[in-house]
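Notes to accompany the following structure.
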Protein chains: 4
Amino acid sequence: MDAYCVSPEELPALDIERLGPATVDSPLTARRRRFTEDDERVSVYTHSHTLRALHSGGEIPTFEVAGPRRKLFFQPRTLRCGIVTCGGLCPGLNDVIRTVTLALIWQYAVEKVYGFRYGYAGLTANPPAPPMELTPEVVDDIHLQGGDILGSSRGPQDENEMVDTLERMGISLLFVVGGDGTMRGARALAGAVKRRGAAVAVIGIPKTIDNDISGIEQSFGFSTAVEACRAAIHSAHQEARGAWNGVGLVKLMGRESGFIAAQATLANSDVNFCFVPEAPPVLDGPGGFLEALERRLDVKHHAVVVVAEGVGETLAGQKGDVRLDISGNAVREDIGPLLHRWMVEHFKAVGKPISVKYIDPSYMIRSLPADSNDSAFCLMLGQNAVHAGMSGRTDMVIGYWNQYYVHIPIDLATLKRKKLDPRGDVWQTVLETTGQLRWS
Amino acid sequence: MDAYCVSPEELPALDIERLGPATVDSPLTARRRRFTEDDERVSVYTHSHTLRALHSGGEIPTFEVAGPRRKLFFQPRTLRCGIVTCGGLCPGLNDVIRTVTLALIWQYAVEKVYGFRYGYAGLTANPPAPPMELTPEVVDDIHLQGGDILGSSRGPQDENEMVDTLERMGISLLFVVGGDGTMRGARALAGAVKRRGAAVAVIGIPKTIDNDISGIEQSFGFSTAVEACRAAIHSAHQEARGAWNGVGLVKLMGRESGFIAAQATLANSDVNFCFVPEAPPVLDGPGGFLEALERRLDVKHHAVVVVAEGVGETLAGQKGDVRLDISGNAVREDIGPLLHRWMVEHFKAVGKPISVKYIDPSYMIRSLPADSNDSAFCLMLGQNAVHAGMSGRTDMVIGYWNQYYVHIPIDLATLKRKKLDPRGDVWQTVLETTGQLRWS
Amino acid sequence: MDAYCVSPEELPALDIERLGPATVDSPLTARRRRFTEDDERVSVYTHSHTLRALHSGGEIPTFEVAGPRRKLFFQPRTLRCGIVTCGGLCPGLNDVIRTVTLALIWQYAVEKVYGFRYGYAGLTANPPAPPMELTPEVVDDIHLQGGDILGSSRGPQDENEMVDTLERMGISLLFVVGGDGTMRGARALAGAVKRRGAAVAVIGIPKTIDNDISGIEQSFGFSTAVEACRAAIHSAHQEARGAWNGVGLVKLMGRESGFIAAQATLANSDVNFCFVPEAPPVLDGPGGFLEALERRLDVKHHAVVVVAEGVGETLAGQKGDVRLDISGNAVREDIGPLLHRWMVEHFKAVGKPISVKYIDPSYMIRSLPADSNDSAFCLMLGQNAVHAGMSGRTDMVIGYWNQYYVHIPIDLATLKRKKLDPRGDVWQTVLETTGQLRWS
Amino acid sequence: MDAYCVSPEELPALDIERLGPATVDSPLTARRRRFTEDDERVSVYTHSHTLRALHSGGEIPTFEVAGPRRKLFFQPRTLRCGIVTCGGLCPGLNDVIRTVTLALIWQYAVEKVYGFRYGYAGLTANPPAPPMELTPEVVDDIHLQGGDILGSSRGPQDENEMVDTLERMGISLLFVVGGDGTMRGARALAGAVKRRGAAVAVIGIPKTIDNDISGIEQSFGFSTAVEACRAAIHSAHQEARGAWNGVGLVKLMGRESGFIAAQATLANSDVNFCFVPEAPPVLDGPGGFLEALERRLDVKHHAVVVVAEGVGETLAGQKGDVRLDISGNAVREDIGPLLHRWMVEHFKAVGKPISVKYIDPSYMIRSLPADSNDSAFCLMLGQNAVHAGMSGRTDMVIGYWNQYYVHIPIDLATLKRKKLDPRGDVWQTVLETTGQLRWS
């Protein structure tokens with residue numbers, strides 16, 4: 001999966017902050033576990049062109065390798081931990097909650113694990129619902145049904161109010177599961193903790209169904225989501241073929257990055273046009289999408305169009321009409337119904353009525369249980385998050401890079417979104433496989 | 001499955017019209033096939049209360065049993081057949097097309113089978129696309145992918161133009177797959193044929209994903225559709241639980257009859273409110289749905305609402321605002337977005353904001369391949385349709401009733417829609433299992 | 001689904017035994033529930049040929065219609081109930097346990113519901129595990145994962161020991177879920193209760209994945225099982241086509257009746273040979289299966305063979321070599337590996353080596369969660385079982401017949417197994433669709 | 001996914017052989033495609049410990065990056081190509097056949113593409129079936145149904161006979177899809193070609209459902225296979241819980257490497273014991289598996305055991321009893337039935353009868369259509385194989401490593417099998433998550 005990588009020039013320091021020296025023997029020692037050494041690191045860059053430039057410039061950047069450490073910062077038996085999930089549903093959330101809970105309790109035997117309810121709101125002075133204690137019994141089967149047993153919400157909360165809650169509950173290790181905005185919140189929280197001189201570790205587990213967080217090759221939920229898109233695309237194809245000049249329009253997730261739409265297109269040869277925020281279409285005029293669609297319908301009499309939701313945002317952005325929501329994200333224009341309307345109007349105008357069937361599978365996908373790829377991946381992410389937290393690391397997220405689980409500073413994870421490279425293999429292959437340029 | 005049955009008083013004559021005496025030996029005779037005798041019939045009514053009333057009144061009504069006959073009306077080797085599919089997609093359409101084609105060619109060795117394209121439009125003087133010849137090679141795998149290889153369209157066409165096409169192509173046996181409106185068209189077609197003194201048989205295979213055709217216990221596609229609703233309802237449940245005062249709203253198929261919504265509710269215990277055209281909700285005021293939802297959210301903080309699309313039509317009907325579409329069906333108001341808005345407005349007004357996730361899985365369901373129940377059922381329907389047609393029967397549809405495949409006059413099939421009985425077992429059990437009356 | 005029906009001559013009395021007069025007002029009265037009247041009955045026979053013979057002979061046999069009664073025999077608030085599941089796993093078991101529990105507690109508010117563990121063994125003096133109390137919390141989600149939370153076992157237990165257990169625990173209403181052998185056990189139990197003059201009702205819910213119990217059109221789990229066979233057959237087809245002279249052999253459930261194999265064959269056009277106990281193959285010699293297979297492979301170079309497990313039993317029976325297991329059922333010879341070996345040996349002998357891939361999906365099917373058809377069906381069966389038990393009926397099972405849920409005497413349910421009619425529509429269509437006679 | 005990597009010392013030369021200078025302009029130039037430069041390479045090693053050792057020793061090893069080249073060796077319009085698939089079925093085979101065909105025809109417009117039937121046997125003087133021409137129409141939908149339209153076989157063939165076939169058919173570019181043994185055959189074929197001085201390129205696409213080929217992070221089919229194991233494991237779990245002292249035994253693919261068993265265990269928390277060839281169990285005696293199982297059953301009364309097929313081979317190897325099959329691979333003892341028997345005997349001997357349900361899902365998995373991960377992956381592999389072949393490269397396979405598609409010498413791909421590292425993260429996490437050491 002190629003992506004606009006963070007370039008060597010942009011790369012922030014990759015050192016991971018620690019709360020203090022790790023002096024407590026890990027209870028895993030008793031069970032012949034191999035431990036990760038602190039000097040194990042993995043190269044950020046592997047391509048010869050990038051490395052050639054670096055070699056002349058000195059130090060080669062590396063990430064710290066994740067894994068259990070021989071020595072811990074926290075004394076497990078008196079440690080209270082918390083976990084909070086933010087943003088929209090994503091396959092694998094319950095797997096992460098479960099793994100973090102079980103690793104803390106079974107492997108490290110910590111005192112308590114609490115789950116905060118409904119996102120950062122659950123950490124405020126007036127939460128919608130009190131935190132729930134997480135035990136092996138509570139989390140036993142939660143991964144089998146999808147969703148999020150803790151519930152979630154969007155938007156930030158006052159970090160001092162959240163630190164008050166942690167202190168009041170005696171929680172010294174907090175796991176935060178969420179996307180870009182959530183990780184910014186985690187940074188703010190870690191900052192507030194630091195200003196108070198408290199020893200609270202904040203470990204992030206990146207959650208983005210869109211796969212748009214830097215430093216993680218593929219995020220959990222992405223595999224499940226792409227597989228689930230197949231049914232929607234297949235239905236769109238059948239609906240398109242079932243009517244004269246039938247068009248199946250599918251809107252897929254992807255607010256700023258088109259990874260889901262692109263990967264789903266590679267995985268399903270039925271797609272005739274695919275549009276992503278990194279390469280949004282021109283609609284009107286010669287060479288525009290509507291004329292290309294017209295040419296295709298004249299020949300084939302049906303077409304499948306896949307569009308990432310962020311394309312709407314981009315178009316609105318072109319028009320200078322960007323509103324912000326409560327989390328500070330740009331309000332997206334819902335591209336699905338808009339594009340539906342634009343297509344119908346165009347073909348009515350040119351006297352060739354079409355039959356558009358519009359499918360928006362988003363909520364049927366976000367709530368799914370994780371597939372095996374994502375389940376196993378969440379297990380590894382959760383375990384490594386717990387190991388990192390127990391060692392006293394903070395202000396970091398767990399990543400996966402070049403075949404290793406690694407520690408990524410939140411600074412890097414939130415530096416900029418990962419995006420498809422329009423000149424890269426994935427997008428070029430999307431263009432080849434759809435043949436969408438042929439009609440322009 | 002209980003349903004407002006056609007009562008004995010309403011029942012039309014159940015005799016099946018025949019084009020003429022059947023004098024041709026069936027080629028099935030050579031293969032030791034058991035044949036159905038013409039005096040095999042099956043009781044329409046089995047309930048003691050209905051039968052008691054009938055016993056005093058004379059003749060007990062029965063349907064003719066379907067199946068292969070020893071003697072045919074048509075000479076197979078010079079017979080040309082056609083098949084046309086109308087209305088929206090429905091799981092099993094390709095199974096029916098495939099079975100009819102294979103039964104005609106392999107069992108009866110007819111001369112040709114043609115598939116008309118895009119519904120009745122394909123039978124007009126200016127079809128959107130020419131008919132395609134159907135051979136075993138063409139239909140071999142078509143049932144595996146869903147959709148409809150012939151394509152479909154809605155709305156009637158001029159019956160004389162259609163008869164002209166049949167005569168021009170030398171087609172004497174036409175299979176029509178569609179719903180209520182389509183069967184009315186088939187009747188008109190059969191009438192036009194008769195007026196010309198032509199010997200063309202018209203056999204209907206009832207297609208209604210809503211399961212709303214009289215004389216057929218359950219229609220093909222219904223089993224597949226109800227199973228597919230499960231994913232939508234499950235997602236709505238997870239989305240509802242994932243947010244504070246979360247509401248998952250699912251709109252399901254069912255324009256005039258709520259069988260899909262009711263059966264999906266029985267099959268999925270997550271549903272808290274289910275509304276069907278036969279028992280539409282009152283929205284506002286004491287005892288209304290919105291207050292009931294409020295009471296539930298105050299206690300449980302999440303809810304799943306399933307609504308059949310026809311509830312919108314009903315409400316519009318209450319308001320005297322009914323428009324007709326090209327097929328003469330009432331234009332439905334799209335209840336999903338309307339109900340979404342009404343809920344949001346109500347809870348905003350009472351100062352308890354809710355988070356509604358709306359799911360409309362219709363196009364993802366209609367295009368599915370048939371499940372095993374529907375595949376096997378389509379096979380039996382298609383085979384029996386072919387047997388009926390070869391024997392010279394006409395103006396009838398294939399039904400399934402009290403454990404037998406039967407011949408149903410189109411007159412009865414189109415007499416009135418099959419509907420859920422609000423006092424019957426199914427709906428009463430829906431009320432028990434959702435507990436939706438508890439909150440009123 | 002046609003089946004060797006119990007003929008009018010064989011039919012036992014269809015009256016349902018009652019423990020005594022029903023004098024307690026049903027709590028359902030308060031909720032405007034429609035009640036079933038005791039004179040509601042449904043015809044056993046609907047075919048004109050059977051009815052004609054009956055009409056001359058007097059009374060037309062009918063089943064009592066199931067459903068809630070206005071008056072109960074048991075006083076709910078002091079009633080203790082039990083439920084026990086016997087035999088192999090079957091999709092829907094947890095749905096039944098859940099529905100019975102919820103109907104007893106939510107609708108009737110009985111005092112206690114107990115689940116016995118591991119079949120009738122759980123009712124003995126020394127059960128493998130103590131009974132568990134069933135509450136709404138316990139059964140809430142159990143239907144989502146397949147299996148059987150109570151566990152099961154095969155074989156009968158001493159009925160007096162079981163009655164002792166019921167008396168010791170104060171249980172007056174027992175629900176028994178199982179097959180033919182289990183229902184014989186239930187009869188014995190009901191008999192022992194009666195001999196003691198105790199007022200204990202025993203209500204059966206027929207469980208047979210093979211669909212071989214008389215008086216129930218289709219049993220729960222059957223729909224799920226047939227759908228699950230699709231994957232096995234499809235795999236066998238791909239494996240067969242993937243090798244030169246490849247043969248995919250699939251063994252399906254069906255000890256004495258071939259409904260699953262036949263229905264799976266109707267639902268999957270890939271099957272080339274299907275064998276069931278009602279129509280077992282001749283293997284060797286001219287016209288035998290092995291020569292037919294040879295002829296097909298010479299032309300097509302691949303074949304899919306589906307065989308019901310009971311065919312092995314039948315062949316062993318032909319050889320006079322029948323052993324009995326602990327439940328008194330004939331020990332089946334495992335037809336799969338045997339047929340595999342016979343085929344390989346035959347083709348080696350004739351100098352045409354074949355590549356056989358053998359698939360036995362049984363345990364992957366029995367443990368599945370119920371599909372929507374079976375879930376909704378289990379709900380209705382369970383509710384009606386509870387209604388029947390509360391009214392004081394006993395020594396009966398819940399059936400489904402001619403569109404109604406009905407009360408069937410255990411006597412009838414265990415009279416003889418339901419079997420495919422080799423001259424009936426289903427089997428004849430299997431022969432047509434496989435074309436298996438063509439190669440003989 | 002950690003694996004015993006080929007160490008720097010073992011690494012062969014990574015240069016890719018070319019048939020001659022590439023002088024033909026690529027037709028892709030016309031379509032603004034980005035091309036891969038010949039000096040683009042990607043690091044083999046990324047871990048600091050390995051790199052530190054290398055830095056002192058000179059050159060850092062790199063793989064050539066795959067992708068389309070500006071200049072081709074072959075003149076497309078006169079080029080004839082072939083494709084052959086060997087070994088067992090694997091999800092994605094048809095995706096690869098389809099992509100290679102479409103890329104050759106649509107992107108490069110080669111003269112002809114032939115598919116050889118039934119493995120290397122199809123390239124001999126007397127093939128079981130003649131080659132089939134592959135066109136866009138032929139391959140259009142082949143990926144939707146699993147299996148392999150070309151068919152396959154095991155074992156090598158005489159390389160000179162195969163070269164004769166290529167020369168007779170005028171084929172200069174051959175794509176070989178298969179595993180370890182197949183790639184050795186491809187090497188021999190490339191060698192024979194070279195000895196004749198012919199200009200025939202041989203490009204391998206590694207196919208190993210076991211994921212045991214060096215130089216490719218994950219092989220196609222693996223994702224689909226692991227997901228499909230979930231159903232088998234889940235069923236085993238339900239069967240185990242459904243009986244007193246129930247044991248669900250699942251045999252999974254993995255002749256020499258346990259990746260599938262390990263990954264399936266990480267993805268499914270129901271597994272209590274997992275055994276792989278890299279860490280086979282000791283069965284008997286204190287600390288052995290049977291005693292551990294006994295301890296678990298005494299406490300929990302059910303268990304799920306997952307065993308990779310290669311464990312049988314290993315045990316047979318321990319006993320010095322290794323036979324070789326036609327491909328030169330060690331004959332495996334079928335561990336499933338053996339382990340089944342050993343368990344039953346042990347528990348009978350200790351007087352604690354158990355109920356074992358054995359599930360072998362192998363043939364139901366190998367024949368599946370590819371999931372979205374594998375479909376998209378096969379597309380990229382196939383496209384890059386075509387690009388490599390057109391540029392005149394030979395004696396190589398397409399790999400995926402550190403986020404890039406790369407060219408791997410067959411020498412390296414067949415050097416030694418990729419195996420799980422028993423001290424690595426994956427296996428250590430398997431031990432943590434099953435808790436299987438707890439019972440020893």
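Scheme for the structure tokens: letters A, B, ... for chains in order shown; per-chain residue numbers from 1; ligand numbers from 1 in order shown.
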Original post:
Within 8 Å of Gly185 (chain B), counting only C-alpha atoms, which residues qualify if same-chain residues fewer than 3 places away don't, as a list in words?
Top reply: Pro156, Gln157, Glu159, Gly181, Thr182, Ala188 and Leu189 of chain B
**OP:** Kindly determine which residues of chain A lie within 10 Å of chain C, considering only C-alpha atoms, and give the answer as a list of chain:residue names.
**Re:**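 That gives A:Asp141, A:Leu144, A:Gln145 for chain A.
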Residues of the last selection are to be written out with N, CA and C atoms, as a PDB file, in the first residue's frame.
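The result, written out as part-v4.pdb:
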ATOM      1  N   ASP A 141     -16.832 -12.261  25.532  1.00  0.00           N
ATOM      2  CA  ASP A 141     -17.375 -12.525  24.197  1.00  0.00           C
ATOM      3  C   ASP A 141     -17.646 -11.257  23.400  1.00  0.00           C
ATOM      4  N   LEU A 144     -17.345 -10.708  19.461  1.00  0.00           N
ATOM      5  CA  LEU A 144     -18.044 -11.527  18.475  1.00  0.00           C
ATOM      6  C   LEU A 144     -19.183 -10.786  17.777  1.00  0.00           C
ATOM      7  N   GLN A 145     -19.608  -9.656  18.318  1.00  0.00           N
ATOM      8  CA  GLN A 145     -20.829  -9.033  17.792  1.00  0.00           C
ATOM      9  C   GLN A 145     -20.653  -7.661  17.173  1.00  0.00           C
TER      10      GLN A 145
END
**OP:** Using only C-alpha atoms, determine which residues lie at most 6 Å from region 297-303 of chain B, disregarding the query and same-chain residues fewer than 3 positions distant; provide the list as a ChimeraX atom specification.
**Re:** /B:240-241,245-247,294
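Considering only C-alpha atoms, the residue among D:Leu104, D:Ile354, D:Ala279, D:Val163 positioned nearest to Leu134 (chain D) is D:Leu104.
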Report as a PDB file with C-alpha atoms, in the first residue's frame all protein, DNA and RNA residues lying within 9 Å of Thr394 (chain C), evaluated on only C-alpha atoms, omitting residues in the same chain fewer than 5 positions from it.
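Writing done, so here's part_21.pdb:
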ATOM      1  CA  ILE C  16     -54.382 -34.135  23.374  1.00  0.00           C
ATOM      2  CA  GLU C  17     -54.211 -35.237  26.975  1.00  0.00           C
ATOM      3  CA  ARG C  18     -54.778 -32.645  29.696  1.00  0.00           C
ATOM      4  CA  LEU C  19     -53.774 -32.763  33.339  1.00  0.00           C
ATOM      5  CA  LEU C 173     -43.816 -28.321  33.628  1.00  0.00           C
ATOM      6  CA  ALA C 190     -45.087 -38.734  31.023  1.00  0.00           C
ATOM      7  CA  VAL C 200     -46.498 -32.712  35.714  1.00  0.00           C
ATOM      8  CA  ALA C 201     -46.897 -31.655  32.082  1.00  0.00           C
ATOM      9  CA  VAL C 202     -44.387 -32.842  29.483  1.00  0.00           C
ATOM     10  CA  ILE C 203     -44.268 -30.842  26.248  1.00  0.00           C
ATOM     11  CA  GLY C 204     -42.006 -31.827  23.392  1.00  0.00           C
ATOM     12  CA  ALA C 388     -49.655 -25.518  25.571  1.00  0.00           C
ATOM     13  CA  GLY C 389     -47.874 -26.340  28.816  1.00  0.00           C
ATOM     14  CA  PRO C 409     -49.695 -36.429  20.262  1.00  0.00           C
TER      15      PRO C 409
END
Original post:
So which bits of region 219-395 of chain B end up alpha helix (DSSP H) when you DSSP the backbone, as a ChimeraX atom specification?
Top reply: /B:222-241,259-267,289-300,310-318,335-349,362-366,372-390
